[in-house]
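Note: the block below is coords-v1.txt and it holds compact mmCIF, C-alpha atoms.
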# COMPACT_ATOMS: atom_id res chain seq x y z
CA MET C 220 -21.90 -30.68 21.48
CA SER C 221 -21.61 -34.45 21.16
CA ALA C 222 -18.71 -36.40 22.66
CA LEU C 223 -16.66 -35.90 19.49
CA LEU C 224 -17.12 -33.39 16.69
CA SER C 225 -17.76 -35.42 13.56
CA MET C 226 -15.57 -34.98 10.51
CA GLY C 227 -18.51 -33.22 8.87
CA LEU C 228 -18.48 -30.55 11.56
CA GLY C 229 -14.80 -29.99 12.16
CA SER C 230 -11.23 -31.13 11.78
CA LEU C 231 -9.61 -33.36 14.35
CA ALA C 232 -8.24 -30.13 15.79
CA ALA C 233 -11.72 -29.67 17.20
CA LEU C 234 -12.15 -33.15 18.64
CA SER C 235 -13.03 -33.20 22.32
CA ALA C 236 -15.20 -34.72 25.02
CA GLN C 237 -17.95 -32.81 26.79
CA ALA C 238 -19.36 -34.08 30.07
CA ALA C 239 -21.85 -31.27 30.69
CA PRO C 240 -24.08 -28.88 28.70
CA VAL C 241 -22.12 -26.07 27.08
CA ALA C 242 -23.97 -23.31 28.94
CA GLU C 243 -23.05 -24.87 32.29
CA ALA C 244 -19.43 -25.41 31.24
CA LEU C 245 -19.16 -21.73 30.31
CA GLN C 246 -19.89 -20.85 33.92
CA ARG C 247 -17.61 -23.39 35.58
CA PRO C 248 -13.81 -23.08 35.88
CA ALA C 249 -11.71 -25.93 34.57
CA VAL C 250 -10.97 -28.66 37.08
CA MET C 251 -7.32 -29.15 37.98
CA VAL C 252 -6.34 -32.64 36.87
CA LYS C 253 -3.51 -35.07 37.44
CA ALA C 254 -1.08 -35.50 34.51
CA PRO C 255 -2.78 -32.95 32.21
CA GLU C 256 -0.05 -33.58 29.64
CA ARG C 257 -1.74 -36.96 28.99
CA ALA C 258 -5.16 -35.42 28.29
CA ALA C 259 -6.70 -34.60 24.90
CA LEU C 260 -4.91 -31.47 23.66
CA LEU C 261 -5.77 -29.64 20.48
CA SER C 262 -3.48 -26.63 19.99
CA ALA C 263 -0.20 -25.12 21.17
CA ALA C 264 1.69 -21.87 20.71
CA GLN C 265 4.90 -20.19 21.81
CA ALA C 266 4.76 -17.21 24.16
CA GLY C 267 8.36 -16.08 24.14
CA SER C 268 10.31 -18.98 25.62
CA ARG C 269 7.15 -20.48 27.15
CA LEU C 270 4.98 -23.13 25.50
CA VAL C 271 1.21 -22.99 25.98
CA ALA C 272 -1.14 -25.85 25.06
CA VAL C 273 -4.94 -26.07 25.29
CA GLY C 274 -7.53 -28.81 25.01
CA GLU C 275 -10.53 -30.58 26.43
CA ARG C 276 -12.62 -29.21 29.31
CA GLY C 277 -10.75 -25.92 29.49
CA LEU C 278 -7.27 -27.38 29.96
CA VAL C 279 -4.43 -24.87 29.68
CA LEU C 280 -0.88 -26.21 30.08
CA LEU C 281 2.34 -24.25 30.46
CA SER C 282 5.96 -25.31 30.01
CA ASP C 283 8.98 -23.14 30.76
CA ASP C 284 11.60 -25.81 29.98
CA ALA C 285 11.00 -26.45 26.26
CA GLY C 286 8.32 -29.07 26.88
CA ARG C 287 10.16 -31.32 29.31
CA SER C 288 7.62 -30.63 32.07
CA TRP C 289 4.14 -29.14 32.14
CA ARG C 290 1.81 -27.57 34.68
CA GLN C 291 -1.85 -26.66 34.46
CA ALA C 292 -2.95 -23.02 34.58
CA PRO C 293 -6.37 -21.89 35.88
CA CYS C 294 -9.06 -21.34 33.26
CA PRO C 295 -12.45 -19.63 33.86
CA VAL C 296 -14.39 -22.10 31.66
CA SER C 297 -14.48 -25.87 31.24
CA VAL C 298 -15.49 -25.97 27.58
CA THR C 299 -13.01 -27.50 25.18
CA LEU C 300 -10.49 -25.03 23.79
CA THR C 301 -9.61 -25.60 20.13
CA THR C 302 -6.93 -23.02 19.24
CA VAL C 303 -4.41 -20.81 21.03
CA ARG C 304 -2.28 -18.01 19.54
CA PHE C 305 0.15 -15.42 20.91
CA ALA C 306 1.07 -12.00 19.57
CA ASP C 307 4.17 -11.80 21.79
CA ALA C 308 5.54 -13.29 24.99
CA THR C 309 2.59 -12.16 27.14
CA GLN C 310 -0.45 -11.35 25.00
CA GLY C 311 -2.47 -14.30 23.74
CA VAL C 312 -5.92 -15.58 22.82
CA ALA C 313 -7.67 -18.95 22.96
CA VAL C 314 -10.99 -19.93 21.37
CA GLY C 315 -13.24 -22.94 21.76
CA HIS C 316 -16.65 -24.45 22.17
CA GLY C 317 -19.66 -22.41 23.16
CA GLY C 318 -18.37 -19.42 21.16
CA THR C 319 -15.64 -18.97 23.75
CA VAL C 320 -12.86 -16.40 23.45
CA LEU C 321 -10.31 -16.03 26.24
CA THR C 322 -7.40 -13.61 26.43
CA THR C 323 -4.27 -13.51 28.56
CA GLN C 324 -1.82 -10.72 29.36
CA ASP C 325 0.69 -12.77 31.35
CA GLY C 326 1.80 -15.52 29.00
CA GLY C 327 -1.09 -17.84 29.81
CA SER C 328 -0.80 -17.86 33.60
CA SER C 329 -4.31 -16.37 33.87
CA TRP C 330 -7.17 -15.93 31.40
CA GLN C 331 -10.19 -13.64 31.03
CA LEU C 332 -13.43 -14.63 29.31
CA ARG C 333 -14.06 -12.06 26.56
CA LEU C 334 -16.88 -13.67 24.57
CA ASP C 335 -19.25 -16.63 24.66
CA GLY C 336 -21.96 -17.96 22.39
CA ARG C 337 -24.78 -16.16 24.17
CA ARG C 338 -23.22 -12.75 23.74
CA LEU C 339 -22.09 -13.64 20.22
CA ALA C 340 -25.67 -14.45 19.23
CA THR C 341 -26.93 -11.18 20.68
CA LEU C 342 -24.25 -9.22 18.82
CA ALA C 343 -25.14 -11.00 15.57
CA ARG C 344 -28.82 -10.11 16.00
CA GLU C 345 -28.00 -6.47 16.70
CA ALA C 346 -25.65 -6.23 13.69
CA ALA C 347 -27.85 -8.05 11.13
CA THR C 348 -28.77 -5.86 8.16
CA THR C 349 -30.46 -8.33 5.81
CA PRO C 350 -33.38 -10.74 6.26
CA GLU C 351 -30.98 -13.67 5.81
CA ALA C 352 -28.60 -12.36 8.47
CA GLN C 353 -31.51 -11.67 10.82
CA ARG C 354 -32.80 -15.21 10.34
CA ASP C 355 -29.36 -16.70 11.00
CA ALA C 356 -28.91 -14.53 14.09
CA GLU C 357 -32.28 -15.57 15.51
CA ARG C 358 -31.26 -19.19 15.01
CA LEU C 359 -28.05 -18.54 16.94
CA VAL C 360 -30.07 -17.09 19.80
CA ALA C 361 -32.53 -19.99 19.79
CA ASP C 362 -29.81 -22.64 19.64
CA ARG C 363 -28.07 -21.25 22.72
CA PRO C 364 -24.24 -21.34 22.95
CA ASP C 365 -23.57 -24.70 21.32
CA LYS C 366 -21.34 -23.72 18.38
CA PRO C 367 -17.54 -23.83 18.52
CA LEU C 368 -14.99 -21.31 17.36
CA LEU C 369 -12.24 -23.29 15.62
CA ASP C 370 -9.46 -20.87 14.69
CA VAL C 371 -8.24 -17.37 15.45
CA VAL C 372 -5.67 -14.89 14.13
CA MET C 373 -3.97 -12.01 15.90
CA TRP C 374 -2.60 -8.92 14.21
CA ASN C 375 -1.38 -7.76 17.61
CA ALA C 376 -2.59 -7.83 21.22
CA GLN C 377 -5.59 -5.68 20.31
CA ARG C 378 -6.82 -6.93 16.96
CA LEU C 379 -8.34 -10.42 16.74
CA LEU C 380 -10.45 -12.44 14.29
CA ALA C 381 -12.08 -15.69 15.43
CA VAL C 382 -13.95 -18.05 13.08
CA GLY C 383 -15.81 -21.31 13.49
CA ALA C 384 -18.79 -23.52 12.82
CA TYR C 385 -21.81 -22.41 10.76
CA GLY C 386 -19.93 -19.43 9.35
CA LEU C 387 -19.24 -17.76 12.70
CA ALA C 388 -16.76 -14.89 12.45
CA VAL C 389 -16.16 -12.12 14.99
CA HIS C 390 -13.59 -9.33 15.06
CA SER C 391 -12.22 -7.17 17.86
CA GLU C 392 -9.96 -4.13 17.78
CA ASP C 393 -9.57 -3.71 21.55
CA GLY C 394 -8.27 -7.02 22.79
CA GLY C 395 -11.69 -8.65 22.99
CA GLN C 396 -13.50 -6.04 25.08
CA THR C 397 -15.89 -5.32 22.21
CA TRP C 398 -16.73 -7.36 19.12
CA GLN C 399 -18.10 -6.91 15.62
CA PRO C 400 -19.70 -9.87 13.81
CA TRP C 401 -18.15 -10.39 10.38
CA MET C 402 -20.57 -13.02 9.07
CA GLU C 403 -22.07 -10.60 6.53
CA ARG C 404 -18.62 -9.41 5.44
CA LEU C 405 -17.45 -12.88 4.41
CA PRO C 406 -18.65 -14.52 1.16
CA ASN C 407 -20.17 -17.63 2.73
CA PRO C 408 -23.88 -17.66 1.78
CA LYS C 409 -24.43 -21.24 2.94
CA GLY C 410 -23.03 -20.60 6.40
CA LEU C 411 -20.40 -23.32 5.97
CA HIS C 412 -17.91 -24.07 8.73
CA TRP C 413 -14.63 -22.15 8.86
CA TYR C 414 -11.75 -24.40 9.94
CA VAL C 415 -8.72 -22.38 8.84
CA ALA C 416 -7.66 -18.77 9.51
CA ARG C 417 -4.17 -17.59 8.56
CA ARG C 418 -2.57 -14.15 8.27
CA GLN C 419 0.57 -12.64 6.80
CA GLY C 420 0.72 -8.84 7.00
CA ASP C 421 -2.48 -7.50 5.45
CA THR C 422 -3.28 -10.83 3.76
CA LEU C 423 -5.86 -13.14 5.30
CA LEU C 424 -6.74 -16.66 4.14
CA LEU C 425 -9.87 -18.37 5.48
CA ALA C 426 -10.97 -21.85 4.43
CA GLY C 427 -13.29 -24.62 5.50
CA GLU C 428 -16.13 -26.91 4.58
CA GLN C 429 -16.91 -28.07 1.01
CA GLY C 430 -13.92 -26.31 -0.54
CA LEU C 431 -14.80 -22.94 0.98
CA ALA C 432 -11.90 -20.48 0.68
CA VAL C 433 -11.68 -16.67 0.72
CA ARG C 434 -8.84 -14.16 0.77
CA SER C 435 -8.34 -10.55 1.82
CA ASP C 436 -5.38 -8.44 0.79
CA ASP C 437 -6.46 -5.30 2.65
CA GLY C 438 -6.40 -6.43 6.25
CA GLY C 439 -9.95 -7.77 6.25
CA ARG C 440 -11.77 -4.71 4.90
CA SER C 441 -12.93 -6.82 1.97
CA PHE C 442 -12.81 -10.50 1.03
CA ARG C 443 -13.02 -12.27 -2.31
CA PRO C 444 -14.04 -15.90 -2.81
CA LEU C 445 -11.41 -18.20 -4.26
CA THR C 446 -12.17 -20.83 -6.86
CA SER C 447 -11.39 -23.98 -4.94
CA PRO C 448 -9.61 -26.79 -6.77
CA TYR C 449 -11.25 -29.34 -4.48
CA ARG C 450 -14.83 -29.58 -3.24
CA GLY C 451 -14.03 -31.46 -0.06
CA SER C 452 -13.29 -29.77 3.25
CA TRP C 453 -10.08 -27.92 4.01
CA PHE C 454 -8.97 -28.69 7.55
CA THR C 455 -5.68 -26.82 7.64
CA GLY C 456 -3.39 -24.56 5.66
CA GLU C 457 -0.48 -22.15 5.75
CA LEU C 458 0.13 -18.70 4.29
CA ALA C 459 3.74 -17.79 3.47
CA ALA C 460 5.35 -14.38 3.73
CA ASP C 461 5.50 -14.18 -0.09
CA GLY C 462 1.71 -14.63 -0.30
CA SER C 463 1.77 -18.22 -1.50
CA ALA C 464 -0.72 -20.51 0.19
CA VAL C 465 -1.13 -24.21 0.97
CA LEU C 466 -4.50 -25.77 1.78
CA ALA C 467 -4.98 -29.39 2.86
CA GLY C 468 -7.79 -31.61 3.99
CA LEU C 469 -9.83 -34.69 3.21
CA ARG C 470 -8.31 -37.77 1.56
CA GLY C 471 -4.81 -36.35 1.65
CA ASN C 472 -5.58 -33.45 -0.68
CA VAL C 473 -2.83 -30.82 -0.58
CA TRP C 474 -2.92 -27.89 -3.00
CA ARG C 475 -0.65 -24.86 -3.42
CA SER C 476 -1.19 -21.43 -4.97
CA THR C 477 1.52 -18.88 -5.79
CA ASP C 478 -0.73 -16.25 -7.38
CA GLY C 479 -3.07 -15.19 -4.60
CA GLY C 480 -5.45 -18.11 -5.06
CA GLY C 481 -6.07 -17.52 -8.76
CA SER C 482 -4.78 -20.97 -9.66
CA TRP C 483 -3.79 -24.06 -7.71
CA SER C 484 -1.47 -27.02 -8.24
CA GLN C 485 -1.95 -30.32 -6.46
CA LEU C 486 0.97 -31.72 -4.49
CA PRO C 487 1.04 -35.52 -4.82
CA ASN C 488 0.70 -37.01 -1.37
CA PRO C 489 2.35 -40.40 -0.76
CA VAL C 490 0.30 -40.75 2.43
CA PRO C 491 -3.32 -40.41 1.22
CA ALA C 492 -4.87 -39.91 4.65
CA THR C 493 -6.77 -36.80 5.66
CA VAL C 494 -4.41 -33.94 6.54
CA ILE C 495 -5.47 -32.41 9.84
CA ALA C 496 -2.71 -29.93 10.74
CA ALA C 497 -0.01 -27.79 9.18
CA ALA C 498 2.64 -25.50 10.61
CA THR C 499 5.55 -23.39 9.42
CA GLN C 500 9.00 -24.15 10.82
CA PRO C 501 11.35 -21.39 12.01
CA ASP C 502 13.28 -21.73 8.71
CA GLY C 503 10.09 -21.25 6.66
CA GLY C 504 9.55 -24.91 5.81
CA VAL C 505 6.00 -26.27 5.99
CA LEU C 506 5.11 -29.42 7.90
CA LEU C 507 1.88 -31.38 7.46
CA LEU C 508 0.34 -33.95 9.80
CA SER C 509 -2.04 -36.65 8.62
CA GLN C 510 -4.84 -38.36 10.49
CA ALA C 511 -2.73 -41.53 10.23
CA GLY C 512 -0.05 -39.88 12.38
CA ALA C 513 2.43 -39.38 9.53
CA LEU C 514 4.51 -36.22 9.23
CA LEU C 515 5.34 -34.73 5.83
CA ARG C 516 7.58 -31.85 4.83
CA LEU C 517 6.90 -29.62 1.83
CA GLN C 518 10.13 -29.56 -0.20
CA GLY C 519 9.76 -27.56 -3.38
CA GLU C 520 6.77 -29.08 -5.15
CA ARG C 521 6.99 -32.42 -3.32
CA LEU C 522 5.70 -33.79 -0.04
CA GLN C 523 8.32 -35.89 1.69
CA PRO C 524 7.29 -38.35 4.44
CA LEU C 525 9.57 -37.98 7.45
CA LYS C 526 11.23 -40.86 9.27
CA THR C 527 9.36 -40.43 12.51
CA PRO C 528 7.26 -42.91 14.50
CA PRO C 529 3.51 -42.68 13.76
CA LEU C 530 1.88 -40.23 16.16
CA PRO C 531 -1.11 -41.70 18.05
CA LEU C 532 -4.48 -39.98 17.57
CA PRO C 533 -2.86 -36.70 16.48
CA THR C 534 -4.54 -33.29 16.50
CA ALA C 535 -1.92 -30.57 16.00
CA LEU C 536 1.78 -29.75 15.85
CA LEU C 537 4.08 -26.91 16.87
CA PRO C 538 7.59 -26.65 15.39
CA LEU C 539 10.23 -25.66 17.93
CA ALA C 540 13.80 -24.46 17.66
CA GLU C 541 16.71 -26.70 16.68
CA GLY C 542 14.62 -29.10 14.62
CA ARG C 543 12.36 -30.18 17.45
CA LEU C 544 8.61 -30.62 17.24
CA LEU C 545 5.78 -30.66 19.76
CA ALA C 546 3.01 -33.01 18.63
CA LEU C 547 -0.42 -32.94 20.26
CA GLY C 548 -3.09 -35.61 20.30
CA LEU C 549 -6.00 -37.14 22.10
CA THR C 550 -3.51 -38.98 24.32
CA GLY C 551 -1.42 -35.96 25.20
CA LEU C 552 1.90 -34.37 24.21
CA THR C 553 4.94 -35.80 22.44
CA THR C 554 8.24 -34.02 21.75
CA LEU C 555 10.49 -35.35 19.00
CA THR C 556 13.46 -34.34 16.87
CA LEU C 557 12.84 -34.07 13.16
CA PRO C 558 15.21 -35.57 10.60
CA ALA C 559 17.15 -33.09 8.49
CA PRO C 560 15.62 -32.39 5.04
CA GLN C 561 18.16 -34.62 3.25
CA GLU C 562 17.11 -37.53 5.49
CA ALA C 563 13.51 -37.50 4.26
CA ARG C 564 12.37 -40.61 2.42
CA PRO C 565 12.25 -40.26 -1.38

Do you think you could lay out the structure here as structure tokens?
Amino acid sequence: MSALLSMGLGSLAALSAQAAPVAEALQRPAVMVKAPERAALLSAAQAGSRLVAVGERGLVLLSDDAGRSWRQAPCPVSVTLTTVRFADATQGVAVGHGGTVLTTQDGGSSWQLRLDGRRLATLAREAATTPEAQRDAERLVADRPDKPLLDVVMWNAQRLLAVGAYGLAVHSEDGGQTWQPWMERLPNPKGLHWYVARRQGDTLLLAGEQGLAVRSDDGGRSFRPLTSPYRGSWFTGELAADGSAVLAGLRGNVWRSTDGGGSWSQLPNPVPATVIAAATQPDGGVLLLSQAGALLRLQGERLQPLKTPPLPLPTALLPLAEGRLLALGLTGLTTLTLPAPQEARP
């Protein structure tokens, strides 16, 4: 990959620097660095009371004091990690460049490499059943492991779905020991990039480049394409417990559906910058983060800018308990306290 993924290839959640070829970085453990909390970090998750953050060159950071201090954990690869998720306090998964999938069984203290782009390409070739799928798989093999995975969902510690650039999608039912390519299962004939993967129960929402969006209501056995209200790229989204969905992306576009993606309503955005991250608060409220560093809260059918300092070079956010927020960016980690809903600017 180039030094930074362009906006045409991925959201800012996938931004990272690469100092060596991907194949080499897949074989080299991450270097322990000074002040890793000041490095480029792209995703964070809660593992029980622990916070886990990941980012450039295989960085994995752990905090056991609510983000006041951080330490680096060993990682078997030095490719950039784009997303981390946890099913519970110990079982988690991280994905990243080079088709990388890592899993942990001890809350992020140690990680095992479960998949990389070379093996992914081989699996795709073996599973291809159509001439188009065979052609795409041969291209994956020829390109070598240069394509990132950008998001991942966990049903539990065993069942995982990772998606990424050029339509990549792989599924595991045994914690990453074996994998099944899902590229042919998903309605994505152009092989567009997947940037967003969200799950609530048996409902899955995937979205990405050029308005691409699909939904499954049967746990991933089948997917149906959604008629997108916007033809630009979706970089983030959230799926609520009631099945309603929010998708957001280029030029500040934020759209909401309450009928399974059958129809969409646009939410006027007073900060018309590209929306790069979204997250659901413990109370069910949805927060959005713009490329300009502005935070917004979804309140009913309105987006309310929050009275918080602009976040520098932001990439992701993780709501914490008691109204606190962990913000990630290319310059590291920031913890802040959010204003109460009634304090939001009109």

Point to revise | Test item: residues at most 12 Å from stretch 351-358 of chain C, all atoms listed in the file, excluding those fewer than 5 positions along its chain, as an NGL selection string | key: :C and (336-346 or 363-366 or 385-387 or 400-405 or 407-410)

Check your understanding: Do you know which residues lie at most 12 Å from (-8.4, -21.2, 27.9), with coordinates as in the file and all atoms listed in the file counted, and could you write them as a ChimeraX atom specification?
Key -> /C:245,248-249,260-263,271-281,291-304,311-316,319-323,326-334

Exercise for review: State, in Å with one decimal place, the distance from atom CA of C:Gly503 to atom CA of C:Gly456.
Suggested key: 13.9 Å

Which residues come within 6 Å of C:Leu423, counting all atoms listed in the file, excluding same-chain residues fewer than 5 positions away, as a PDB file with C-alpha atoms, keeping the file's coordinate frame?
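What follows is the written file around.pdb:
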ATOM      1  CA  ARG C 417      -4.170 -17.590   8.560  1.00  0.00           C
ATOM      2  CA  ARG C 418      -2.570 -14.150   8.270  1.00  0.00           C
ATOM      3  CA  ARG C 434      -8.840 -14.160   0.770  1.00  0.00           C
ATOM      4  CA  SER C 435      -8.340 -10.550   1.820  1.00  0.00           C
TER       5      SER C 435
END

Point to revise | Among the residues C:Pro524, C:Pro558, C:Gly318, C:Gly430, the one that comes closest to C:Val389 [using all atoms listed in the file] | key: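 Residue with the minimum atom-to-atom distance to C:Val389: C:Gly318.
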
**Study point:** Residues within 7 Å of C:Gly427, all atoms listed in the file, excluding chain neighbours under 6 positions, as JSON, numbers by chain
**Key:** {"C": [412, 413, 414, 415, 452, 453, 454]}

Review point. Nearest to C:Ala376 among C:Leu424, C:Ala308, C:Ala388, C:Leu557, with distances taken over all atoms listed in the file: which residue is it?
Key: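 Closest residue, counting all atoms listed in the file: C:Ala308.
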
**Study point:** Contacts of C:Gly286 within 8 Å, all atoms listed in the file, excl. fewer than 3 positions in-chain, as a list in words
**Key:**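 Neighbouring residues, sequence-local ones excluded: Leu270, Ser282, Asp283, Trp289, Leu545 and Thr554 of chain C.
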
Check your understanding: What is the distance, in Å and to one decimal place, between atom CA of C:Gly551 and atom CA of C:Ile495?
Key -> 16.3 Å

Practice item. Figure out the distance between atom CA of C:Ala285 and atom CA of C:Ala540, please, to one decimal in Å. Key: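 The value is 9.3 Å.
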
Exercise for review: Measuring atom to atom with all atoms listed in the file, identify which of C:Ala492, C:Met251, C:Ala498, C:Leu486 is nearest to C:Glu520.
Suggested key: C:Leu486

Check your understanding: Hey, which of C:Ser463, C:Ser391, C:Thr309, C:Gln500 ends up closest to C:Thr422? Count all atoms listed in the file.
Key -> C:Ser463

Practice item. Can you pull out every residue within 6 Å of C:Ala497, counting only C-alpha atoms, but drop anything in the same chain fewer than 6 positions away, and send it as a ChimeraX atom specification? Key: /C:455-456,506-507

**Study point:** Nearest-residue call for C:Glu541, choices C:Pro501, C:Gly480, C:Pro529, C:Pro560, using all atoms listed in the file
**Key:**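 Looking at the shortest contact to C:Glu541, the residue is C:Pro501.
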
Exercise for review: Counting only C-alpha atoms, figure out which residue out of C:Ala464, C:Leu514, C:Leu522, C:Ala266 gets nearest to C:Leu555.
Suggested key: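 That would be C:Leu514, the residue with the smallest distance to C:Leu555.
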